[in-house]
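Text of run_19.tsv, listed as TSV, C-alpha atoms:
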chain	number	residue	atom	x	y	z
A	1209	MET	CA	-67.70	10.67	-88.84
A	1210	ALA	CA	-64.17	11.66	-89.84
A	1211	CYS	CA	-63.92	13.04	-93.38
A	1212	VAL	CA	-62.03	15.39	-95.71
A	1213	GLN	CA	-62.56	19.13	-94.96
A	1214	PHE	CA	-62.69	22.24	-97.18
A	1215	GLN	CA	-62.31	26.02	-96.69
A	1216	ASN	CA	-62.65	28.91	-99.13
A	1217	PHE	CA	-59.54	31.04	-99.88
A	1218	LEU	CA	-57.26	28.68	-97.92
A	1219	PHE	CA	-53.81	30.22	-98.40
A	1220	THR	CA	-50.53	30.76	-96.47
A	1221	GLU	CA	-46.76	30.95	-96.96
A	1222	ILE	CA	-44.18	28.35	-95.91
A	1223	ALA	CA	-42.25	29.78	-92.93
A	1224	GLU	CA	-39.21	27.47	-93.00
A	1225	ALA	CA	-37.57	25.47	-95.80
A	1226	VAL	CA	-38.95	21.94	-96.34
A	1227	ASN	CA	-36.99	18.93	-97.63
A	1228	THR	CA	-38.43	15.87	-99.38
A	1229	SER	CA	-38.67	13.70	-96.25
A	1230	GLN	CA	-40.16	16.05	-93.63
A	1231	THR	CA	-43.60	15.18	-92.28
A	1232	THR	CA	-44.10	18.51	-90.52
A	1233	ILE	CA	-44.30	21.92	-92.22
A	1234	GLU	CA	-44.18	25.30	-90.47
A	1235	VAL	CA	-46.35	28.00	-92.12
A	1236	ASP	CA	-46.81	31.72	-91.51
A	1237	SER	CA	-50.42	31.44	-90.35
A	1238	THR	CA	-53.08	28.83	-89.56
A	1239	SER	CA	-55.79	31.38	-88.75
A	1240	ASN	CA	-57.85	30.55	-91.86
A	1241	MET	CA	-57.59	26.79	-91.41
A	1242	LEU	CA	-60.99	26.68	-89.73
A	1243	PHE	CA	-63.74	24.42	-90.97
A	1244	GLU	CA	-67.30	25.67	-90.38
A	1245	GLY	CA	-65.73	27.96	-87.76
A	1246	ALA	CA	-63.94	25.19	-85.85
A	1247	GLN	CA	-60.38	23.89	-85.72
A	1248	LEU	CA	-59.52	20.66	-87.54
A	1249	ALA	CA	-60.98	17.77	-85.53
A	1250	ALA	CA	-59.05	14.60	-84.69
A	1251	GLY	CA	-59.35	12.11	-87.55
A	1252	ASP	CA	-60.35	14.76	-90.13
A	1253	TRP	CA	-57.97	15.91	-92.86
A	1254	PHE	CA	-57.61	18.33	-95.77
A	1255	TYR	CA	-55.29	18.79	-98.74
A	1256	LEU	CA	-52.82	21.59	-99.57
A	1257	THR	CA	-50.97	22.17	-102.83
A	1258	LEU	CA	-47.40	23.44	-102.30
A	1259	VAL	CA	-46.14	25.69	-105.12
A	1260	ASP	CA	-42.82	27.50	-105.60
A	1261	ARG	CA	-43.10	31.30	-105.26
A	1262	TYR	CA	-42.02	32.16	-108.83
A	1263	SER	CA	-44.50	29.81	-110.52
A	1264	PHE	CA	-47.31	31.07	-108.26
A	1265	GLN	CA	-46.67	34.75	-108.99
A	1266	GLN	CA	-46.24	34.12	-112.73
A	1267	ASN	CA	-49.37	31.92	-112.86
A	1268	LEU	CA	-47.47	29.01	-114.46
A	1269	ASN	CA	-49.63	25.93	-115.16
A	1270	PRO	CA	-48.29	23.47	-114.27
A	1271	PRO	CA	-45.88	25.11	-111.75
A	1272	SER	CA	-42.13	24.43	-111.94
A	1273	THR	CA	-42.19	22.82	-108.49
A	1274	TRP	CA	-45.34	21.51	-106.78
A	1275	GLU	CA	-46.61	18.78	-104.49
A	1276	ILE	CA	-49.95	17.80	-102.91
A	1277	VAL	CA	-49.83	16.99	-99.17
A	1278	LYS	CA	-52.53	15.52	-96.91
A	1279	VAL	CA	-52.77	17.55	-93.67
A	1280	THR	CA	-53.82	15.33	-90.74
A	1281	ALA	CA	-53.19	17.70	-87.80
A	1282	VAL	CA	-52.76	21.46	-87.23
A	1283	ASP	CA	-50.98	23.07	-84.25
A	1284	TYR	CA	-52.72	26.46	-84.11
A	1285	VAL	CA	-50.18	27.82	-81.59
A	1286	THR	CA	-46.91	26.96	-83.36
A	1287	ASN	CA	-48.40	27.02	-86.91
A	1288	ILE	CA	-46.97	23.55	-87.61
A	1289	LEU	CA	-48.84	21.13	-89.88
A	1290	THR	CA	-48.51	17.34	-89.70
A	1291	VAL	CA	-48.70	16.00	-93.25
A	1292	GLU	CA	-48.53	12.91	-95.42
A	1293	ARG	CA	-46.17	13.72	-98.31
A	1294	ALA	CA	-46.58	13.04	-102.06
A	1295	ALA	CA	-50.37	12.72	-101.80
A	1296	ASP	CA	-52.68	12.16	-104.79
A	1297	TYR	CA	-49.88	10.63	-106.94
A	1298	SER	CA	-47.70	13.76	-106.68
A	1299	THR	CA	-43.94	13.60	-106.01
A	1300	ALA	CA	-42.24	14.84	-102.82
A	1301	ALA	CA	-40.26	18.01	-103.51
A	1302	SER	CA	-38.17	20.57	-101.60
A	1303	PHE	CA	-39.57	24.04	-100.92
A	1304	SER	CA	-38.09	27.31	-99.72
A	1305	ARG	CA	-39.22	29.85	-97.18
A	1306	CYS	CA	-41.90	32.15	-98.68
A	1307	ASP	CA	-43.13	29.49	-101.14
A	1308	TYR	CA	-46.92	29.06	-101.07
A	1309	ALA	CA	-49.36	26.51	-99.61
A	1310	THR	CA	-52.86	26.80	-101.09
A	1311	GLY	CA	-56.16	24.98	-100.79
A	1312	ARG	CA	-57.17	23.70	-104.25
A	1313	ILE	CA	-59.65	21.12	-105.42
A	1314	ASN	CA	-57.75	17.89	-106.25
A	1315	ALA	CA	-58.82	14.41	-107.36
A	1316	ALA	CA	-58.11	12.66	-104.04
A	1317	ALA	CA	-60.34	15.11	-102.17
A	1318	LEU	CA	-63.27	14.35	-104.49
A	1319	TYR	CA	-62.79	10.59	-104.07
A	1320	ASP	CA	-62.66	11.10	-100.30
A	1321	ILE	CA	-66.03	12.88	-100.43
A	1322	GLU	CA	-67.53	9.90	-102.23
A	1323	LEU	CA	-66.15	7.52	-99.59
A	1324	CYS	CA	-67.55	9.67	-96.78
A	1325	ALA	CA	-70.98	9.71	-98.46
A	1326	MET	CA	-70.95	5.89	-98.47
A	1327	GLY	CA	-69.90	5.80	-94.82
A	1328	GLY	CA	-66.30	5.07	-95.67
A	1329	GLY	CA	-64.80	8.09	-93.94
A	1330	SER	CA	-63.66	6.07	-90.92
A	1331	GLY	CA	-63.05	2.52	-89.78
A	1332	GLY	CA	-60.76	-0.13	-91.21
A	1333	THR	CA	-61.41	-2.31	-94.27
A	1334	GLY	CA	-63.06	-5.62	-93.48
A	1335	PRO	CA	-61.79	-8.99	-94.80
A	1336	THR	CA	-62.57	-9.95	-98.40
A	1337	GLY	CA	-65.46	-12.35	-98.67
A	1338	PRO	CA	-65.43	-15.49	-100.86
A	1339	THR	CA	-66.13	-15.09	-104.58
A	1340	GLY	CA	-69.65	-16.15	-105.53
A	1341	ALA	CA	-70.52	-18.40	-108.46
A	1342	THR	CA	-71.01	-16.77	-111.88
A	1343	GLY	CA	-74.64	-16.60	-112.87
A	1344	ALA	CA	-76.02	-17.62	-116.25
A	1345	THR	CA	-76.27	-14.98	-118.98
A	1346	ALA	CA	-79.86	-13.98	-119.70
A	1347	ALA	CA	-81.24	-13.49	-123.20
A	1348	THR	CA	-81.25	-9.96	-124.66
A	1349	GLY	CA	-84.69	-8.38	-124.54
A	1350	ALA	CA	-86.42	-6.70	-127.46
A	1351	THR	CA	-85.81	-3.00	-128.10
A	1352	GLY	CA	-88.64	-0.85	-126.77
A	1353	PRO	CA	-90.50	1.80	-128.83
A	1354	THR	CA	-89.13	5.35	-129.04
A	1355	GLY	CA	-90.79	7.70	-126.55
A	1356	ALA	CA	-93.02	10.52	-127.79
A	1357	GLY	CA	-92.06	13.13	-125.19
A	1358	GLY	CA	-90.44	16.46	-126.21
A	1359	THR	CA	-87.09	17.86	-125.09
A	1360	GLY	CA	-87.10	18.95	-121.44
A	1361	ALA	CA	-86.48	22.54	-120.30
A	1362	THR	CA	-82.92	23.75	-119.78
A	1363	GLY	CA	-81.81	23.39	-116.16
A	1364	PRO	CA	-80.68	26.37	-114.04
A	1365	THR	CA	-77.09	27.64	-114.18
A	1366	GLY	CA	-74.85	26.02	-111.56
A	1367	THR	CA	-73.56	28.11	-108.64
A	1368	GLY	CA	-70.27	26.33	-107.95
A	1369	THR	CA	-67.20	28.46	-107.05
A	1370	GLY	CA	-64.38	26.14	-108.14
A	1371	GLY	CA	-61.64	27.15	-110.53
A	1372	PHE	CA	-57.93	27.84	-110.91
A	1373	LEU	CA	-55.83	30.41	-109.09
A	1374	GLN	CA	-55.12	33.27	-111.52
A	1375	SER	CA	-53.18	36.52	-111.26
A	1376	GLN	CA	-52.48	39.86	-112.94
A	1377	GLU	CA	-49.43	41.99	-112.11
A	1378	PHE	CA	-49.25	45.77	-112.61
A	1379	LEU	CA	-45.85	47.43	-113.10
A	1380	SER	CA	-47.48	50.78	-113.92
A	1381	ASP	CA	-50.89	52.41	-113.36
A	1382	GLY	CA	-53.86	50.55	-114.83
A	1383	THR	CA	-57.36	49.10	-114.27
A	1384	PHE	CA	-58.26	45.65	-112.92
A	1385	ASN	CA	-61.39	44.34	-114.64
A	1386	VAL	CA	-63.11	41.96	-112.22
A	1387	PRO	CA	-64.24	38.64	-113.79
A	1388	ALA	CA	-67.98	37.99	-113.73
A	1389	SER	CA	-67.83	35.21	-111.12
A	1390	VAL	CA	-65.33	36.82	-108.71
A	1391	SER	CA	-66.31	38.64	-105.50
A	1392	GLY	CA	-62.98	38.63	-103.66
A	1393	VAL	CA	-59.27	38.89	-104.54
A	1394	TRP	CA	-55.90	38.87	-102.78
A	1395	VAL	CA	-53.66	41.90	-103.28
A	1396	THR	CA	-49.87	42.18	-102.81
A	1397	MET	CA	-48.43	45.71	-103.18
A	1398	VAL	CA	-45.22	47.63	-102.55
A	1399	ALA	CA	-44.94	51.43	-102.72
A	1400	GLY	CA	-42.14	53.36	-104.40
A	1401	GLY	CA	-38.76	53.76	-102.64
A	1402	GLY	CA	-37.25	57.12	-101.70
A	1403	GLY	CA	-34.37	58.66	-103.66
A	1404	GLY	CA	-30.87	59.04	-102.15
A	1405	GLY	CA	-29.64	62.44	-100.97
A	1406	THR	CA	-26.70	64.46	-102.33
A	1407	SER	CA	-24.28	67.13	-101.12
A	1408	THR	CA	-21.57	69.51	-102.36
A	1409	ASN	CA	-19.34	69.10	-99.31
A	1410	ALA	CA	-16.92	66.25	-98.57
A	1411	LEU	CA	-19.42	64.35	-96.38
A	1412	GLY	CA	-21.68	61.52	-97.64
A	1413	ALA	CA	-25.48	61.75	-97.95
A	1414	GLY	CA	-28.17	59.33	-96.64
A	1415	GLY	CA	-29.76	56.52	-98.66
A	1416	GLY	CA	-33.50	56.47	-99.47
A	1417	GLY	CA	-36.04	54.41	-97.48
A	1418	ALA	CA	-37.98	51.47	-98.98
A	1419	GLY	CA	-41.74	51.55	-99.61
A	1420	GLU	CA	-44.33	49.97	-97.29
A	1421	TYR	CA	-45.72	46.65	-98.54
A	1422	VAL	CA	-48.71	44.36	-98.01
A	1423	VAL	CA	-48.84	40.62	-98.81
A	1424	ASN	CA	-51.97	38.66	-99.83
A	1425	LEU	CA	-54.48	41.14	-98.41
A	1426	PRO	CA	-58.07	39.81	-98.90
A	1427	VAL	CA	-60.12	42.50	-100.67
A	1428	PRO	CA	-63.84	42.30	-101.60
A	1429	VAL	CA	-64.68	43.35	-105.16
A	1430	THR	CA	-67.81	43.68	-107.29
A	1431	ALA	CA	-68.22	40.99	-109.95
A	1432	SER	CA	-67.85	42.44	-113.49
A	1433	GLY	CA	-66.76	45.78	-112.00
A	1434	SER	CA	-63.42	47.57	-112.30
A	1435	VAL	CA	-60.81	48.82	-109.83
A	1436	THR	CA	-58.25	51.58	-110.41
A	1437	VAL	CA	-54.67	50.44	-109.72
A	1438	THR	CA	-51.91	52.94	-108.91
A	1439	VAL	CA	-48.23	51.93	-108.88
A	1440	GLY	CA	-46.06	54.30	-106.83
A	1441	ILE	CA	-43.17	55.98	-108.65
A	1442	GLY	CA	-39.64	55.84	-107.28
A	1443	GLY	CA	-38.39	59.01	-105.59
A	1444	THR	CA	-35.87	61.03	-107.59
A	1445	GLY	CA	-32.33	61.16	-106.19
A	1446	GLY	CA	-30.84	64.53	-105.29
A	1447	ALA	CA	-29.58	66.03	-108.55
A	1448	THR	CA	-26.03	66.94	-109.53
A	1449	GLY	CA	-25.38	70.62	-108.96
A	1450	ALA	CA	-28.31	70.96	-106.58
A	1451	GLY	CA	-26.15	71.61	-103.55
A	1452	VAL	CA	-27.40	70.14	-100.30
A	1453	ALA	CA	-30.47	68.24	-101.62
A	1454	THR	CA	-32.73	65.61	-100.06
A	1455	GLY	CA	-33.96	62.78	-102.32
A	1456	GLY	CA	-37.61	62.73	-103.36
A	1457	ASP	CA	-40.14	60.58	-101.48
A	1458	GLY	CA	-41.47	57.42	-103.18
A	1459	GLY	CA	-45.07	57.43	-104.47
A	1460	ASN	CA	-47.92	55.48	-102.85
A	1461	SER	CA	-49.32	52.32	-104.48
A	1462	SER	CA	-53.05	51.58	-104.18
A	1463	PHE	CA	-55.85	49.18	-105.17
A	1464	GLY	CA	-58.97	51.32	-105.45
A	1465	SER	CA	-59.42	54.30	-103.14
A	1466	THR	CA	-59.27	52.40	-99.83
A	1467	PHE	CA	-56.27	50.06	-99.87
A	1468	VAL	CA	-52.97	52.02	-99.94
A	1469	VAL	CA	-49.29	51.44	-99.06
A	1470	LEU	CA	-47.03	54.44	-98.44
A	1471	GLY	CA	-43.82	55.39	-100.23
A	1472	GLY	CA	-40.37	55.47	-98.60
A	1473	ARG	CA	-38.83	58.79	-97.62
A	1474	GLY	CA	-35.93	60.40	-99.45
A	1475	GLY	CA	-32.39	60.28	-97.99
A	1476	ILE	CA	-31.28	63.53	-96.36
A	1477	GLY	CA	-28.81	65.66	-98.29
A	1478	GLY	CA	-25.36	66.27	-96.76
A	1479	SER	CA	-24.79	69.09	-94.28
A	1480	SER	CA	-22.71	69.55	-91.16
A	1481	THR	CA	-25.35	68.06	-88.85
A	1482	ALA	CA	-27.96	65.93	-90.62
A	1483	MET	CA	-27.43	63.54	-93.50
A	1484	SER	CA	-29.40	60.57	-92.17
A	1485	GLY	CA	-31.03	57.84	-94.26
A	1486	GLY	CA	-34.65	58.19	-95.35
A	1487	ALA	CA	-37.28	56.44	-93.19
A	1488	GLY	CA	-39.13	53.39	-94.54
A	1489	GLY	CA	-42.70	53.87	-95.76
A	1490	GLY	CA	-45.72	53.33	-93.50
A	1491	PRO	CA	-46.28	53.65	-89.73
A	1492	GLY	CA	-43.98	50.64	-89.18
A	1493	GLY	CA	-41.22	52.02	-91.42
A	1494	GLY	CA	-37.70	51.79	-89.97
A	1495	ALA	CA	-36.09	55.01	-88.72
A	1496	GLY	CA	-33.38	56.32	-91.03
A	1497	GLY	CA	-29.78	55.39	-90.23
A	1498	SER	CA	-28.11	58.26	-88.40
A	1499	PHE	CA	-25.42	60.59	-89.72
A	1500	GLY	CA	-22.17	60.02	-87.82
A	1501	ASN	CA	-18.60	58.84	-87.55
A	1502	PRO	CA	-19.30	56.04	-88.06
A	1503	PRO	CA	-22.91	56.37	-89.30
A	1504	SER	CA	-25.56	53.76	-88.41
A	1505	ALA	CA	-27.11	51.22	-90.79
A	1506	GLY	CA	-30.71	51.40	-91.97
A	1507	ALA	CA	-33.35	49.67	-89.82
A	1508	VAL	CA	-35.77	46.86	-90.76
A	1509	GLY	CA	-39.45	47.89	-90.90
A	1510	THR	CA	-41.81	46.35	-88.33
A	1511	ILE	CA	-44.97	44.25	-88.83
A	1512	GLU	CA	-48.03	46.51	-88.84
A	1513	SER	CA	-50.66	43.74	-89.23
A	1514	PRO	CA	-50.67	40.09	-90.34
A	1515	GLN	CA	-50.36	41.35	-93.94
A	1516	HIS	CA	-48.79	44.85	-93.68
A	1517	TYR	CA	-45.06	45.56	-93.22
A	1518	GLY	CA	-43.24	48.87	-92.82
A	1519	GLY	CA	-40.42	49.61	-95.26
A	1520	SER	CA	-36.73	49.34	-94.30
A	1521	SER	CA	-34.83	52.59	-93.99
A	1522	GLY	CA	-31.74	53.93	-95.76
A	1523	GLY	CA	-28.26	53.93	-94.22
A	1524	GLY	CA	-26.77	57.14	-92.83
A	1525	GLY	CA	-24.06	59.16	-94.54
A	1526	SER	CA	-20.57	59.75	-93.13
A	1527	SER	CA	-19.88	62.82	-90.99
A	1528	ALA	CA	-16.11	62.51	-91.56
A	1529	THR	CA	-14.05	62.72	-94.73
A	1530	THR	CA	-12.22	59.50	-93.85
A	1531	THR	CA	-15.26	57.34	-92.94
A	1532	SER	CA	-17.49	55.15	-95.15
A	1533	GLY	CA	-21.29	55.40	-95.23
A	1534	ALA	CA	-23.64	52.82	-93.64
A	1535	THR	CA	-25.47	49.91	-95.28
A	1536	GLY	CA	-29.19	50.11	-96.08
A	1537	GLY	CA	-31.82	48.26	-94.02
A	1538	VAL	CA	-32.41	44.59	-94.91
A	1539	ALA	CA	-35.69	42.79	-95.71
A	1540	ALA	CA	-36.99	39.21	-95.65
A	1541	GLY	CA	-35.04	36.96	-98.00
A	1542	PHE	CA	-31.76	38.92	-97.77
A	1543	THR	CA	-28.91	38.61	-95.26
A	1544	THR	CA	-27.33	42.02	-95.96
A	1545	GLY	CA	-28.60	45.43	-97.00
A	1546	ALA	CA	-27.45	47.68	-99.83
A	1547	ALA	CA	-23.71	48.31	-99.88
A	1548	ARG	CA	-22.33	51.43	-98.23
A	1549	GLY	CA	-20.24	53.95	-100.07
A	1550	VAL	CA	-16.52	53.62	-99.22
A	1551	THR	CA	-14.48	56.71	-98.36
A	1552	ALA	CA	-11.89	57.77	-100.91
A	1553	SER	CA	-9.52	60.73	-101.32
A	1554	THR	CA	-10.65	62.31	-98.02
A	1555	GLN	CA	-14.31	62.24	-99.11
A	1556	GLY	CA	-16.92	60.41	-97.02
A	1557	GLY	CA	-19.18	57.63	-98.33
A	1558	GLY	CA	-22.98	57.72	-98.83
A	1559	GLY	CA	-25.56	55.41	-97.21
A	1560	GLY	CA	-27.16	52.45	-98.98
A	1561	GLY	CA	-30.90	52.40	-99.83
A	1562	GLY	CA	-33.48	50.36	-97.87
A	1563	ALA	CA	-34.44	46.87	-99.15
A	1564	THR	CA	-37.78	45.16	-99.86
A	1565	VAL	CA	-38.65	41.48	-100.40
A	1566	TYR	CA	-38.03	42.07	-104.12
A	1567	ALA	CA	-34.48	43.52	-103.99
A	1568	ILE	CA	-31.89	45.35	-101.88
A	1569	GLY	CA	-31.59	49.10	-102.41
A	1570	GLY	CA	-29.14	51.09	-104.48
A	1571	ALA	CA	-25.55	51.16	-103.21
A	1572	GLY	CA	-24.23	54.29	-101.52
A	1573	GLY	CA	-21.76	56.35	-103.52
A	1574	GLY	CA	-18.07	56.13	-102.60
A	1575	GLY	CA	-16.02	59.22	-101.93
A	1576	GLY	CA	-16.28	61.44	-104.99
A	1577	ALA	CA	-19.13	59.43	-106.62
A	1578	GLY	CA	-22.93	59.49	-106.87
A	1579	GLY	CA	-25.29	56.89	-105.38
A	1580	SER	CA	-26.70	53.95	-107.39
A	1581	ASN	CA	-30.30	53.67	-108.57
A	1582	ALA	CA	-32.56	51.00	-107.06
A	1583	THR	CA	-34.02	48.41	-109.47
A	1584	ALA	CA	-37.38	49.42	-111.00
A	1585	ASN	CA	-40.61	47.87	-109.62
A	1586	THR	CA	-38.97	46.72	-106.37
A	1587	GLY	CA	-39.90	49.62	-104.05
A	1588	ALA	CA	-36.29	49.75	-102.75
A	1589	GLY	CA	-34.51	53.00	-101.83
A	1590	GLY	CA	-31.82	54.73	-103.90
A	1591	GLY	CA	-28.22	55.08	-102.65
A	1592	GLY	CA	-26.99	58.35	-101.14
A	1593	SER	CA	-24.12	60.13	-102.90
A	1594	GLY	CA	-20.60	60.15	-101.52
A	1595	GLY	CA	-18.92	63.34	-100.40
A	1596	VAL	CA	-17.53	65.46	-103.22
A	1597	THR	CA	-15.07	68.30	-102.78
A	1598	GLY	CA	-15.92	69.71	-106.22
A	1599	THR	CA	-19.22	69.30	-108.12
A	1600	ASN	CA	-21.54	67.00	-106.21
A	1601	GLY	CA	-22.63	63.55	-107.43
A	1602	ALA	CA	-26.32	62.71	-107.79
A	1603	GLY	CA	-28.22	60.53	-105.35
A	1604	GLY	CA	-29.64	57.26	-106.72
A	1605	ASN	CA	-33.31	57.06	-107.76
A	1606	GLY	CA	-35.67	54.90	-105.70
A	1607	GLY	CA	-37.32	51.85	-107.29
A	1608	SER	CA	-40.93	52.14	-108.45
A	1609	GLY	CA	-43.57	49.89	-106.83
A	1610	ARG	CA	-45.75	47.04	-108.14
A	1611	VAL	CA	-49.22	45.55	-107.54
A	1612	LEU	CA	-50.14	41.85	-107.84
A	1613	VAL	CA	-53.82	40.76	-107.89
A	1614	MET	CA	-54.80	37.06	-107.47
A	1615	TRP	CA	-58.19	35.37	-107.63
A	1616	VAL	CA	-59.85	31.98	-108.13
A	1617	GLY	CA	-61.90	31.64	-111.27

Take the structure in the file and write it out as structure tokens.
Amino acid sequence: MACVQFQNFLFTEIAEAVNTSQTTIEVDSTSNMLFEGAQLAAGDWFYLTLVDRYSFQQNLNPPSTWEIVKVTAVDYVTNILTVERAADYSTAASFSRCDYATGRINAAALYDIELCAMGGGSGGTGPTGPTGATGATAATGATGPTGAGGTGATGPTGTGTGGFLQSQEFLSDGTFNVPASVSGVWVTMVAGGGGGGTSTNALGAGGGGAGEYVVNLPVPVTASGSVTVTVGIGGTGGATGAGVATGGDGGNSSFGSTFVVLGGRGGIGGSSTAMSGGAGGGPGGGAGGSFGNPPSAGAVGTIESPQHYGGSSGGGGSSATTTSGATGGVAAGFTTGAARGVTASTQGGGGGGGATVYAIGGAGGGGGAGGSNATANTGAGGGGSGGVTGTNGAGGNGGSGRVLVMWVG
């Protein structure tokens, strides 16, 4: 018999923007939309709550933008859901790419369970029968004597796993204390970005690479235990007066001792042959933009797993005194990378830092100027310094990382 379906930890991201009238929604993954190990059967359905990304990450209750939809079909090849909008008395809303779709207990689902239990999960409603005659009211009976039995024993503690989605974000090192009823969490992390390089000659230096990142990684935890959280530091840009100096690598971010993302590499300091951008963090990190005339832009990191992504790399520095540096590598959510440094006064420009989903990297320094710092807690790379004929300018610092932990409880 067709009925409403449920699945633990049902969660995905919206892959394409959704307006208020669409009845199909494309999501990043349908791999966890299995019910007792099987795909959604014809006639069955389940509910998803759509929530805007900011409200979800900040644990706002209620969210700024939300809607409940009834999912009636799942295409497991194209990851497209067929839905009925504005379910359970919610209001149809517009959602952006990377907003969230989560499986939560809602009122309509509970009513559906009751209907299924009464055999009302399928089949149409029959015609209304005629109204019967009203019976006579009987007399009220006498009140019975009070029973002599004692108070019964306390029943056992329930074992239900329902609750609200909660989160805790770490912008520096700390400890996650696991709630008593929680045995699994989702972790999103980005490592620190690399610092931009610097040089004393008239040629620009490379921008720093962005840190590797992981999104909504399921991690088992021990109820009432604790987990050490490390937030990777941003790599230091090549310092003023340091001569030909490569930026420092970004620090790794980690959740416990097993789950780690790797920091971006520092941009290469200027020389006559090699002032390329720093590589992105992780095995899928983009290769640094090459030193040249003109130099090449930073590269986008590649997908390492369904949750892991290599960091974007920094743009290369200019090998000529009349050429600008290259832009930093882009990331999801941005159409351009960090700005390149523009040549000035016969001094080459520096490369821009690599971007993450949180922000683009620091801009490359123009001729005669240092590179810009990346924003803190974004994991983006710092900008490489421009060429300087006198005292060199400093490379920009890479952005530190962050760790977000989410759970139901």

Option closest in space to Gly1415 (chain A), from A:Ala1447, A:Val1613, A:Ala1210, A:Ala1582 [counting all atoms listed in the file] =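 The closest residue to Gly1415 (chain A) is A:Ala1582.
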
Nearest to Ser1302 (chain A): which of A:Ala1249, A:Val1259, A:Ala1547, A:Cys1211 is it, counting all atoms listed in the file?
->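 Using all atoms listed in the file, the shortest distance to Ser1302 (chain A) belongs to A:Val1259.
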
Using all atoms listed in the file, which of A:Ser1237, A:Ala1295, A:Gly1311, A:Ser1229 sits nearest Val1282 (chain A)?
->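 Of the candidates, the smallest distance to Val1282 (chain A) is held by A:Ser1237.
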
As a check of understanding: the span from CA of Gly1579 (chain A) to CA of Ser1462 (chain A) is 28.3 Å

Option closest in space to Val1390 (chain A), from A:Gly1403, A:Pro1428, A:Gly1603, A:Gly1416 [counting only C-alpha atoms] =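 Answer, going by the shortest atom-to-atom distance: A:Pro1428.
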
Provide the CA of Gly1404 (chain A) to CA of Gly1519 (chain A) distance in Å, to one decimal place.
->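 According to the coordinates, CA of Gly1404 (chain A) and CA of Gly1519 (chain A) are separated by 15.1 Å.
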
Would you pick out the contacts of Ala1413 (chain A) at 6 Å or less, using only C-alpha atoms, so that residues sharing its chain but fewer than 5 positions from it are not included, and give the list as a PDB file with C-alpha atoms, in the frame of the given file?
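Produced file result38.pdb, reproduced below:
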ATOM      1  CA  GLY A1405     -29.640  62.440-100.970  1.00  0.00           C
ATOM      2  CA  THR A1406     -26.700  64.460-102.330  1.00  0.00           C
ATOM      3  CA  GLY A1477     -28.810  65.660 -98.290  1.00  0.00           C
ATOM      4  CA  GLY A1478     -25.360  66.270 -96.760  1.00  0.00           C
ATOM      5  CA  MET A1483     -27.430  63.540 -93.500  1.00  0.00           C
ATOM      6  CA  GLY A1525     -24.060  59.160 -94.540  1.00  0.00           C
ATOM      7  CA  GLY A1558     -22.980  57.720 -98.830  1.00  0.00           C
ATOM      8  CA  GLY A1592     -26.990  58.350-101.140  1.00  0.00           C
ATOM      9  CA  SER A1593     -24.120  60.130-102.900  1.00  0.00           C
TER      10      SER A1593
END

To one decimal in Å, tell me the separation between CA of Leu1379 (chain A) and CA of Gly1492 (chain A).
->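 Pair CA of Leu1379 (chain A) / CA of Gly1492 (chain A) returns 24.2 Å.
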
Which is closest to Gly1245 (chain A) among A:Ser1263, A:Thr1466, A:Asn1585, A:Asn1216, if we use only C-alpha atoms?
->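 Between A:Ser1263, A:Thr1466, A:Asn1585, A:Asn1216, the residue approaching Gly1245 (chain A) most closely is A:Asn1216.
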
Which residue, A:Glu1275, A:Ile1233, A:Gly1472, A:Asp1260, has the smallest gap to Thr1290 (chain A) when you use all atoms listed in the file?
-> A:Ile1233

What residues have an atom no more than 9 Å from (-50.3, 19.7, -105.9) in the file's own frame, counting all atoms listed in the file, and can you write them as an MDAnalysis selection string?
-> chainID A and resid 1255:1259 1274:1277 1294:1296 1298:1299 1310 1312 1314

Select all residues near (-29.6, 47.5, -101.1) (cut-off 9 Å, inclusive, file coordinates), counting all atoms listed in the file, and output them as a ChimeraX atom specification.
-> /A:1522,1535-1538,1544-1548,1560-1564,1567-1572,1582,1588-1591

Might you pull out every residue within 12 Å of Ala1552 (chain A), with all atoms listed in the file counted and same-chain residues fewer than 5 positions away left off, and present them as a ChimeraX atom specification?
-> /A:1410-1412,1526,1528-1533,1557-1558,1573-1577,1594-1597

Name all residues at most 8 Å from Phe1499 (chain A) (count only C-alpha atoms; drop same-chain ones fewer than 6 positions away) and give them as a list of chain:residue names.
->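 Residues near the query, excluding close chain neighbours: A:Gly1414, A:Thr1481, A:Ala1482, A:Met1483, A:Ser1484, A:Gly1485, A:Gly1524, A:Gly1525, A:Ser1526, A:Ser1527.
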
Each side padded by 4 Å, which centre and which edge lengths in Å (one decimal) define the axis-aligned box around the listed atoms of region 1461-1468 of chain A? Give them as lines of an AutoDock Vina configuration file.
center_x = -54.4
center_y = 51.7
center_z = -102.6
size_x = 18.1
size_y = 13.1
size_z = 13.6
